[in-house]
Each structure stands twice: as structure tokens, then as C-alpha cells.
Amino acid sequence: YLANCLPTPTPTPAVPAPNPPAVPGPEVPGERWILVDIARQQASAMIGDRVLYTALVTTGKEGWETPRGTFYILYRVANETMTSASIGAEEYYVLKDVLYTQYFTNEGHALHLNYWRPDYYFGSIPSSHGCVGMRLADAEFFWNFAKVGTRVTII
């Protein structure tokens with residue numbers, strides 16, 4: 001009898017798996033830059049005014065919004081440990097093996113792997129402390145696409 005009274009669980013929406021293309025070689029002309037659209041929870045690899053690839057992301061949650069504007073990748077860390085203490089976050093965390101981190105502010109905002117969130121967050125739920133979190137294939141793609149000095153425009 002109780003089973004009939006329980007609410008039916010809402011299914012988790014399906015999120016397509018990342019499927020980035022190969023990164024084009026330097027012979028392809030045009031500025032390589034990254035466009036992050038907070039409203040759509042997407043990051044696009046751009047060459048000039050052409051979209052090469054768009055990934056679903058998770059950006060800053062309320063109180064920890066991802067900054068809007070134009071930035072440039074300042075430095076990159078292939079594999080690091082991130083902690084709540086480094087940014088003064090309210091909840092304690094130590095996240096090891098955060099791959100493909102590309103910092104675009106001196107306050108700790110970066111593009112990086114976000115392995116601790118389920119897939120359904122990407123493209124729909126802002127959940128970071130201001131970073132642009134990505135799934136593994138996407139974080140690796142943007143790591144290979146960009147370099148120090150690459151423009152990151154966040155709208």
C-alpha cells in the first residue's frame with residue numbers, strides 16, 4: 001500500500017556525451033578564443049567568428065558567480081589539488097587530480113575538469129565557485145585548443 005503513496009521519481013534528464021573534434025593545426029587561420037555563455041551553460045571554442053565546438057559546462061552558483069567580461073588565460077596546471085581554503089569557500093573540500101586547469105583571473109577563476117558533479121549538471125545547473133567546470137573529454141579538448149594568452153569572453 002505504501003508504495004502506491006510514494007511520489008514517482010523524476011527521471012534525470014539525459015545529457016549527451018561529449019564528442020569534441022580534433023583540434024585543428026596552426027595552419028587554420030583566425031584567432032582561437034573561448035566564448036562562455038552563462039545563460040546557456042555552454043563554452044564554445046571559436047576560430048575567428050566560427051564555432052568549432054560547443055561543450056556543456058557548469059559555471060558559478062549564486063554568491064560565487066563566474067565573472068563576465070573579457071579575460072586571457074594567465075597560466076595552466078595539468079593536474080592539481082584544489083581546496084576550499086584556497087578561495088575561502090564556505091564548505092570544506094579537497095579535490096585531487098583536477099585536470100586541465102586554465103586560470104583566467106588572479107582570483108582563481110579557471111576552466112577545468114569537474115569530475116565531482118553528475119552529468120546532468122552540465123548545461124543546466126550552475127554549481128561552481130566561479131569556475132567553468134567541464135567533463136573530461138571537453139576539459140582535455142579546451143586544454144589542447146587554448147594556450148596561455150588565449151582570450152576567454154564570458155557573457
# chains A, B, ... in the order shown; residues from 1 in each chain; ligands from 1

$ residues_around --residues "segment 35-39 of chain A" --least-positions-apart "4" --cutoff "8 Å" --atoms "only C-alpha atoms" --output "PyMOL selection string"
chain A and resi 43-46+59+66+152-155

$ select_by_dssp --residues "segment 58-118 of chain A" --states "strand (DSSP E or B)" --output "list in words"
Thr58, Gly60, Gly69, Thr70, Phe71, Tyr72, Tyr75, Arg76, Val77, Ala78, Asn79, Glu80, Thr81, Met82, Thr83, Val94, Leu95, Lys96, Asp97, Val98, Leu99, Tyr100, Thr101, Gln102, Tyr103, Ala110, Leu111, His112 and Leu113 of chain A

$ closest_residue --among "A:Pro29, A:Tyr120, A:Ala110, A:Trp64" --to "Asp49 of chain A" --atoms "only C-alpha atoms"
A:Pro29

$ closest_residue --among "A:Ala14, A:Ile47, A:Tyr115, A:Arg151" --to "Pro26 of chain A" --atoms "only C-alpha atoms"
A:Ile47

$ closest_residue --among "A:Thr81, A:Ser128, A:Gln42, A:Ser86" --to "Thr101 of chain A" --atoms "only C-alpha atoms"
A:Thr81

$ closest_atom_pairs --of "segment 48-114 of chain A" --to "segment 15-24 of chain A" --cutoff "12 Å" --atoms "only C-alpha atoms" --output "CSV"
residue,atom,partner,partner_atom,distance
A:Val51,CA,A:Pro21,CA,11.7
A:Leu52,CA,A:Pro21,CA,8.1
A:Tyr53,CA,A:Pro20,CA,6.5
A:Thr54,CA,A:Pro20,CA,8.1
A:Ala55,CA,A:Pro18,CA,7.0
A:Leu56,CA,A:Pro18,CA,8.1
A:Val57,CA,A:Pro18,CA,10.6

$ closest_residue --among "A:Gly108, A:Gly133, A:Pro67, A:Gly48" --to "Ser84 of chain A" --atoms "only C-alpha atoms"
A:Gly108

$ residues_around --residues "Lys96 of chain A" --least-positions-apart "2" --cutoff "8 Å" --atoms "only C-alpha atoms" --output "VMD selection string"
chain A and resid 80 to 82 94 98

$ write_last_selection --atoms "N, CA, C and O atoms" --output "PDB file, in the first residue's frame"
ATOM      1  N   GLU A  80      46.179  19.203 -10.588  1.00  0.00           N
ATOM      2  CA  GLU A  80      46.379  19.865  -9.303  1.00  0.00           C
ATOM      3  C   GLU A  80      45.358  19.427  -8.271  1.00  0.00           C
ATOM      4  O   GLU A  80      44.361  18.778  -8.596  1.00  0.00           O
ATOM      5  N   THR A  81      45.605  19.828  -7.032  1.00  0.00           N
ATOM      6  CA  THR A  81      44.653  19.629  -5.941  1.00  0.00           C
ATOM      7  C   THR A  81      44.049  20.992  -5.624  1.00  0.00           C
ATOM      8  O   THR A  81      44.771  21.960  -5.422  1.00  0.00           O
ATOM      9  N   MET A  82      42.715  21.048  -5.608  1.00  0.00           N
ATOM     10  CA  MET A  82      42.008  22.291  -5.263  1.00  0.00           C
ATOM     11  C   MET A  82      41.409  22.131  -3.877  1.00  0.00           C
ATOM     12  O   MET A  82      40.882  21.066  -3.558  1.00  0.00           O
ATOM     13  N   VAL A  94      38.587  19.068  -0.503  1.00  0.00           N
ATOM     14  CA  VAL A  94      39.916  18.835  -1.050  1.00  0.00           C
ATOM     15  C   VAL A  94      39.682  17.958  -2.272  1.00  0.00           C
ATOM     16  O   VAL A  94      39.209  16.827  -2.150  1.00  0.00           O
ATOM     17  N   VAL A  98      42.496  17.346 -10.250  1.00  0.00           N
ATOM     18  CA  VAL A  98      41.697  18.235 -11.095  1.00  0.00           C
ATOM     19  C   VAL A  98      42.568  18.522 -12.325  1.00  0.00           C
ATOM     20  O   VAL A  98      43.611  19.165 -12.222  1.00  0.00           O
TER      21      VAL A  98
END

$ residues_around --residues "Ala139 of chain A" --least-positions-apart "3" --cutoff "7 Å" --atoms "only C-alpha atoms" --output "JSON, numbers by chain"
{"A": [100, 112, 113, 134, 135, 136, 142, 143]}

$ write_last_selection --atoms "C-alpha atoms" --output "JSON list (two decimals), in the first residue's frame"
[["chain", "number", "residue", "atom", "x", "y", "z"],
["A", 100, "TYR", "CA", 43.39, 20.64, -17.42],
["A", 112, "HIS", "CA", 38.89, 22.79, -15.67],
["A", 113, "LEU", "CA", 37.69, 19.23, -15.28],
["A", 134, "MET", "CA", 33.77, 20.67, -17.73],
["A", 135, "ARG", "CA", 33.54, 16.94, -18.32],
["A", 136, "LEU", "CA", 36.82, 15.12, -19.05],
["A", 142, "PHE", "CA", 39.92, 23.04, -24.42],
["A", 143, "TRP", "CA", 43.37, 22.34, -22.92]]

$ atom_distance --atom1 "atom CA of Glu91 of chain A" --atom2 "atom CA of Pro126 of chain A"
16.3 Å

$ atom_distance --atom1 "atom CA of Tyr75 of chain A" --atom2 "atom CA of Gly60 of chain A"
20.1 Å

$ atom_distance --atom1 "atom CA of Ile73 of chain A" --atom2 "atom CA of His129 of chain A"
17.9 Å

$ closest_residue --among "A:Leu95, A:Trp33, A:Lys61, A:Leu111" --to "Val77 of chain A" --atoms "only C-alpha atoms"
A:Leu111
